[in-house]
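Enquirer: Take a look at query32.txt, compact mmCIF, C-alpha atoms:
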```
# COMPACT_ATOMS: atom_id res chain seq x y z
CA MET C 1 -10.62 -16.93 -8.06
CA THR C 2 -8.98 -16.38 -4.68
CA ARG C 3 -5.34 -16.17 -5.62
CA ALA C 4 -3.88 -13.81 -8.18
CA SER C 5 -0.96 -14.81 -10.36
CA LEU C 6 2.21 -12.74 -10.25
CA ASP C 7 1.45 -11.19 -13.64
CA LYS C 8 -1.16 -9.24 -11.65
CA GLN C 9 -4.21 -9.32 -13.87
CA PRO C 10 -6.38 -6.58 -12.35
CA HIS C 11 -9.60 -8.61 -12.20
CA GLU C 12 -7.78 -11.43 -10.39
CA VAL C 13 -6.23 -9.10 -7.81
CA ALA C 14 -9.54 -7.30 -7.24
CA SER C 15 -11.36 -10.62 -6.80
CA MET C 16 -8.72 -11.80 -4.34
CA PHE C 17 -9.14 -8.70 -2.16
CA ASP C 18 -12.93 -8.92 -2.39
CA ASP C 19 -12.64 -12.39 -0.85
CA VAL C 20 -10.51 -11.28 2.12
CA ALA C 21 -12.18 -7.91 2.79
CA GLU C 22 -14.19 -8.83 5.87
CA ARG C 23 -11.22 -9.98 7.99
CA TYR C 24 -8.41 -8.18 6.16
CA ASP C 25 -7.46 -5.75 8.95
CA LEU C 26 -7.48 -8.49 11.62
CA THR C 27 -5.37 -10.82 9.47
CA ASN C 28 -2.79 -8.13 8.79
CA ASP C 29 -2.51 -7.42 12.50
CA VAL C 30 -1.87 -11.09 13.26
CA LEU C 31 0.55 -11.77 10.40
CA SER C 32 2.65 -8.67 11.11
CA LEU C 33 2.70 -9.41 14.86
CA GLY C 34 1.09 -6.01 15.41
CA GLN C 35 3.82 -4.14 13.53
CA ASP C 36 1.36 -2.81 10.92
CA ARG C 37 0.05 -0.32 13.48
CA ARG C 38 3.52 1.14 13.96
CA TRP C 39 4.08 1.26 10.21
CA ARG C 40 0.85 3.21 9.67
CA LYS C 41 1.89 5.73 12.33
CA GLU C 42 5.15 6.29 10.44
CA VAL C 43 3.20 6.77 7.19
CA ALA C 44 1.05 9.43 8.88
CA LYS C 45 4.17 11.27 10.06
CA ALA C 46 5.74 11.14 6.60
CA VAL C 47 2.59 12.37 4.84
CA ASP C 48 2.28 15.17 7.43
CA ALA C 49 -1.34 15.98 6.52
CA ARG C 50 -2.59 19.42 7.54
CA PRO C 51 -6.07 20.87 7.96
CA ALA C 52 -7.82 21.53 4.62
CA GLN C 53 -5.17 19.70 2.60
CA LYS C 54 -6.37 17.13 0.07
CA ILE C 55 -4.92 13.64 0.55
CA LEU C 56 -5.37 10.72 -1.83
CA ASP C 57 -5.03 7.37 -0.06
CA LEU C 58 -4.60 4.72 -2.75
CA ALA C 59 -5.16 1.00 -2.11
CA ALA C 60 -7.01 2.23 0.96
CA GLY C 61 -9.01 -0.97 1.28
CA THR C 62 -11.47 -0.61 4.15
CA GLY C 63 -10.22 2.90 4.95
CA THR C 64 -8.24 2.04 8.09
CA SER C 65 -5.17 3.75 6.60
CA SER C 66 -7.21 6.91 5.84
CA LEU C 67 -8.37 7.61 9.39
CA PRO C 68 -5.13 9.24 10.66
CA PHE C 69 -5.30 11.76 7.82
CA ALA C 70 -8.96 12.54 8.48
CA ARG C 71 -8.18 13.17 12.15
CA THR C 72 -5.79 15.99 11.22
CA GLY C 73 -8.60 17.92 9.51
CA ALA C 74 -7.40 17.06 6.01
CA TYR C 75 -9.84 16.01 3.29
CA VAL C 76 -8.88 12.41 2.53
CA VAL C 77 -10.17 10.31 -0.37
CA PRO C 78 -9.83 6.54 0.17
CA CYS C 79 -9.48 4.94 -3.27
CA ASP C 80 -9.34 1.24 -4.12
CA PHE C 81 -10.28 -1.03 -7.02
CA SER C 82 -11.73 -3.77 -4.82
CA GLN C 83 -15.46 -3.22 -4.51
CA GLY C 84 -15.55 -5.69 -1.62
CA MET C 85 -13.03 -3.66 0.35
CA LEU C 86 -14.89 -0.41 -0.30
CA GLN C 87 -18.21 -1.90 0.77
CA VAL C 88 -16.78 -3.12 4.08
CA GLY C 89 -15.14 0.28 4.62
CA LYS C 90 -18.38 2.15 3.88
CA GLN C 91 -20.17 0.08 6.52
CA ARG C 92 -17.51 0.94 9.10
CA GLN C 93 -16.77 4.60 8.24
CA PRO C 94 -19.74 5.86 6.16
CA TRP C 95 -18.57 9.47 6.33
CA LEU C 96 -15.43 8.87 4.24
CA PRO C 97 -15.72 9.56 0.48
CA TYR C 98 -14.77 6.08 -0.76
CA THR C 99 -13.94 6.05 -4.47
CA ALA C 100 -13.47 3.11 -6.82
CA GLY C 101 -10.42 3.57 -9.02
CA ASP C 102 -7.53 1.91 -10.81
CA ALA C 103 -4.11 3.26 -9.83
CA THR C 104 -3.03 3.25 -13.49
CA ARG C 105 -6.07 5.33 -14.59
CA LEU C 106 -7.06 7.52 -11.67
CA PRO C 107 -10.47 9.26 -11.86
CA PHE C 108 -9.15 12.65 -10.73
CA ARG C 109 -8.08 15.86 -12.42
CA ASP C 110 -4.48 17.01 -12.81
CA ASP C 111 -2.85 18.80 -9.86
CA THR C 112 -5.63 17.95 -7.37
CA PHE C 113 -3.94 16.59 -4.24
CA ASP C 114 -1.38 17.96 -1.79
CA ALA C 115 -0.21 14.42 -1.07
CA VAL C 116 -0.72 10.95 -2.53
CA THR C 117 0.04 7.88 -0.48
CA ILE C 118 -0.19 4.13 -0.99
CA SER C 119 0.53 1.51 1.68
CA PHE C 120 1.13 -2.15 0.85
CA GLY C 121 -0.63 -1.81 -2.49
CA LEU C 122 1.85 -0.70 -5.13
CA ARG C 123 3.26 -4.18 -5.64
CA ASN C 124 -0.26 -5.41 -6.50
CA VAL C 125 -0.65 -2.92 -9.37
CA GLN C 126 -0.21 -4.42 -12.82
CA ASP C 127 1.93 -1.53 -14.17
CA THR C 128 3.96 0.06 -11.37
CA ASP C 129 5.52 2.75 -13.58
CA ALA C 130 2.16 3.83 -15.01
CA ALA C 131 0.79 4.12 -11.47
CA LEU C 132 3.74 6.27 -10.37
CA ARG C 133 3.14 8.58 -13.35
CA GLU C 134 -0.59 8.77 -12.60
CA MET C 135 0.11 9.68 -8.98
CA LEU C 136 2.41 12.44 -10.22
CA ARG C 137 -0.30 13.74 -12.57
CA VAL C 138 -2.93 14.15 -9.83
CA THR C 139 -0.50 15.73 -7.34
CA ARG C 140 -0.22 19.52 -7.28
CA PRO C 141 3.19 21.13 -7.99
CA GLY C 142 5.20 21.01 -4.77
CA GLY C 143 3.09 18.13 -3.47
CA ARG C 144 4.43 14.82 -2.21
CA ILE C 145 4.15 11.07 -2.53
CA VAL C 146 4.62 8.59 0.32
CA ILE C 147 4.88 4.87 -0.43
CA CYS C 148 4.89 2.28 2.33
CA GLU C 149 5.69 -1.16 0.97
CA PHE C 150 7.23 -4.44 1.99
CA SER C 151 10.88 -4.47 1.00
CA HIS C 152 14.14 -6.33 1.58
CA PRO C 153 15.70 -6.67 5.06
CA THR C 154 19.17 -5.14 5.06
CA TRP C 155 20.90 -7.73 7.29
CA ALA C 156 21.54 -10.89 5.27
CA PRO C 157 21.02 -13.48 8.08
CA PHE C 158 17.73 -11.86 9.07
CA ARG C 159 16.68 -11.67 5.40
CA THR C 160 17.02 -15.45 5.18
CA VAL C 161 14.90 -16.00 8.31
CA TYR C 162 12.30 -13.52 7.07
CA THR C 163 12.02 -15.24 3.69
CA GLU C 164 11.50 -18.57 5.43
CA TYR C 165 8.73 -17.02 7.55
CA LEU C 166 7.00 -15.63 4.48
CA MET C 167 6.93 -18.87 2.55
CA ARG C 168 6.53 -21.42 5.37
CA ALA C 169 4.91 -19.81 8.42
CA LEU C 170 2.66 -17.24 6.78
CA PRO C 171 0.36 -19.62 4.84
CA PRO C 172 -0.62 -21.79 7.85
CA VAL C 173 -1.16 -18.71 10.02
CA ALA C 174 -3.30 -17.22 7.26
CA ARG C 175 -5.34 -20.42 7.11
CA ALA C 176 -6.15 -20.00 10.79
CA VAL C 177 -7.30 -16.37 10.66
CA SER C 178 -8.19 -15.49 7.06
CA SER C 179 -11.29 -16.29 5.03
CA SER C 180 -9.10 -16.81 1.95
CA PRO C 181 -5.63 -18.16 2.85
CA ASP C 182 -4.58 -18.67 -0.77
CA ALA C 183 -4.56 -14.90 -1.13
CA TYR C 184 -1.78 -14.70 1.45
CA VAL C 185 0.33 -17.23 -0.42
CA TYR C 186 0.18 -14.82 -3.38
CA LEU C 187 1.02 -11.90 -1.08
CA ALA C 188 4.10 -13.73 0.24
CA GLU C 189 5.27 -14.48 -3.30
CA SER C 190 4.66 -10.89 -4.42
CA ILE C 191 6.76 -9.59 -1.52
CA ARG C 192 9.69 -11.81 -2.54
CA ALA C 193 9.43 -10.64 -6.15
CA TRP C 194 9.29 -6.91 -5.32
CA PRO C 195 12.31 -4.66 -6.10
CA ASP C 196 14.58 -3.54 -3.30
CA GLN C 197 14.78 -0.03 -1.84
CA PRO C 198 17.23 1.57 -4.34
CA ALA C 199 15.43 0.01 -7.32
CA LEU C 200 12.06 1.46 -6.27
CA ALA C 201 13.67 4.85 -5.67
CA GLU C 202 15.08 4.74 -9.20
CA ARG C 203 11.63 4.00 -10.62
CA LEU C 204 10.18 6.97 -8.75
CA GLY C 205 12.81 9.21 -10.30
CA LYS C 206 12.15 7.89 -13.79
CA ALA C 207 8.41 8.54 -13.31
CA GLY C 208 9.18 12.23 -12.69
CA TRP C 209 9.35 12.49 -8.91
CA SER C 210 12.19 14.58 -7.47
CA ARG C 211 14.10 14.59 -4.15
CA VAL C 212 13.38 10.89 -3.72
CA ALA C 213 14.53 9.31 -0.47
CA TRP C 214 13.67 6.29 1.65
CA ARG C 215 14.11 4.92 5.13
CA ASN C 216 13.75 1.42 6.48
CA LEU C 217 11.30 0.25 9.12
CA SER C 218 11.67 -2.99 11.09
CA GLY C 219 15.11 -3.66 9.64
CA GLY C 220 13.97 -3.25 6.05
CA ILE C 221 10.92 -5.53 6.20
CA VAL C 222 9.11 -2.34 5.20
CA ALA C 223 10.46 0.78 3.50
CA LEU C 224 9.00 4.28 3.33
CA HIS C 225 9.76 6.11 0.08
CA ARG C 226 8.99 9.81 -0.36
CA GLY C 227 9.27 12.15 -3.31
CA PHE C 228 8.04 15.55 -4.47
CA LYS C 229 6.49 16.98 -7.62
CA ALA C 230 8.55 19.85 -8.99
CA SER C 231 7.00 23.27 -8.47
```
Let me see whether you can do it: turn the structure in this file into structure tokens.
Expert:
Amino acid sequence: MTRASLDKQPHEVASMFDDVAERYDLTNDVLSLGQDRRWRKEVAKAVDARPAQKILDLAAGTGTSSLPFARTGAYVVPCDFSQGMLQVGKQRQPWLPYTAGDATRLPFRDDTFDAVTISFGLRNVQDTDAALREMLRVTRPGGRIVICEFSHPTWAPFRTVYTEYLMRALPPVARAVSSSPDAYVYLAESIRAWPDQPALAERLGKAGWSRVAWRNLSGGIVALHRGFKAS
């Protein structure tokens, strides 16, 4: 199984990411035309990790997204449900405390983390609302959530061009650089099916997060959402 269906059965999604783990970071760099590096810098600014803070990095994959938090002196836990991703990450950064976990049933105690973040992974979770509630549970009162996810470009003509790129250009590019191109066909489809910026903000509020706000990156190709757990 290399391509998950859009009903997001967890074993299918995990298997898909296991298959692409080895070249995942390289493929993302190529497909995003290098923009993923800028997006991760913006995530790090939004999370604003400080020394001795505890940061949970969900859907961390190989741990590339966790490194900026570790560099601040924070204690970061990279968590993912793809064993293949975690194994590749452990080979590259053996000092990070990689943890296997399902975003809808996190293996952590209540009120543990100062911040929880997830980049390009929430749309792959089977039950988005359950995951948002779980992230709230493990965040300490006053703590924060930062979500970086593909979204909907705000300028209609560009949105049309972007959609065409996703469905027509992305699969052949993926075939050239990825070990499992079918996985990127699923990823393109999952991006198209994902709710827009206001809809995701509304779901955060319903899950219990307060002071929810978002800002667009790259014209809305990506959106950063942030919220706080009431003190």
Enquirer: At what distance in Å, to one decimal, does CA of Leu224 in chain C lie from CA of Glu149 in chain C?
Expert: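 Those two atoms sit 6.8 Å apart.
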Enquirer: Distance CA of Val116 in chain C-CA of Trp39 in chain C, one decimal place?
Expert: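 Going from CA of Val116 in chain C over to CA of Trp39 in chain C covers 16.7 Å.
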Enquirer: Can you work out the spacing between CA of Phe228 in chain C and CA of Thr64 in chain C in Å, to one decimal?
Expert: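 Value for the CA of Phe228 in chain C-CA of Thr64 in chain C distance: 24.6 Å.
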Enquirer: Restricting the calculation to all atoms listed in the file, which member of C:Ser190, C:Cys148, C:Trp155, C:Asp111 is positioned closest to Val125 in chain C?
Expert: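 Smallest distance to Val125 in chain C is found for C:Ser190.
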Enquirer: Calculated over all atoms listed in the file, which of the candidates C:Gly227, C:Pro153, C:Gly220, C:Gly142 has the smallest distance to Ala201 in chain C?
Expert: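 Checking each of C:Gly227, C:Pro153, C:Gly220, C:Gly142 against Ala201 in chain C, counting all atoms listed in the file, the winner is C:Gly227.
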Enquirer: Tell me, as a ChimeraX atom specification, which residues lie within 8 Å of Met135 in chain C, counting all atoms listed in the file; anything in the same chain fewer than 2 positions away does not count.
Expert: /C:103,106,116,131-133,137-139,145
Enquirer: Here is a test: counting all atoms listed in the file, which residue of C:Ile221, C:Ala115, C:Leu187, C:Ile147 is nearest to Thr160 in chain C?
Expert: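 Among the listed residues, the smallest separation from Thr160 in chain C belongs to C:Ile221.
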Enquirer: Can you work out which one of C:Val161, C:Cys79, C:Ala207, C:Ala60 has the shortest atom-to-atom distance to Arg40 in chain C, counting only C-alpha atoms?
Expert: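 Checking each candidate against Arg40 in chain C, we get C:Ala60 as the closest.
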Enquirer: As a CSV table (one decimal) with C-alpha atoms, in the coordinates of the input, please: the residues near Arg50 in chain C (cut-off 7 Å, only C-alpha atoms, same-chain neighbours under 5 positions excluded).
Expert:
```
chain,number,residue,atom,x,y,z
C,72,THR,CA,-5.8,16.0,11.2
C,73,GLY,CA,-8.6,17.9,9.5
C,74,ALA,CA,-7.4,17.1,6.0
```
Enquirer: Using all atoms listed in the file, find the one residue out of C:Pro78, C:Pro172, C:Gly84, C:Pro141 that sits nearest to Leu96 in chain C.
Expert: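 Under the stated criterion, the closest residue is C:Pro78.
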Enquirer: Show me, as a ChimeraX atom specification, the residues that have an atom within 6 Å of Ile118 in chain C when counting all atoms listed in the file, minus same-chain residues fewer than 5 positions from it.
Expert: /C:57-59,147
Enquirer: Show me as a PyMOL selection string the residues that reach within 10 Å of (10.8, 11.9, -12.8), counting only C-alpha atoms and using the file's own coordinates.
Expert: chain C and resi 132-133+136+202-212+227-230
Enquirer: Contacts of Ala49 in chain C at 12 Å or less, counting only C-alpha atoms, minus same-chain residues fewer than 6 places along, as a PyMOL selection string?
Expert: chain C and resi 43+55-57+66-76+113-117+143-146
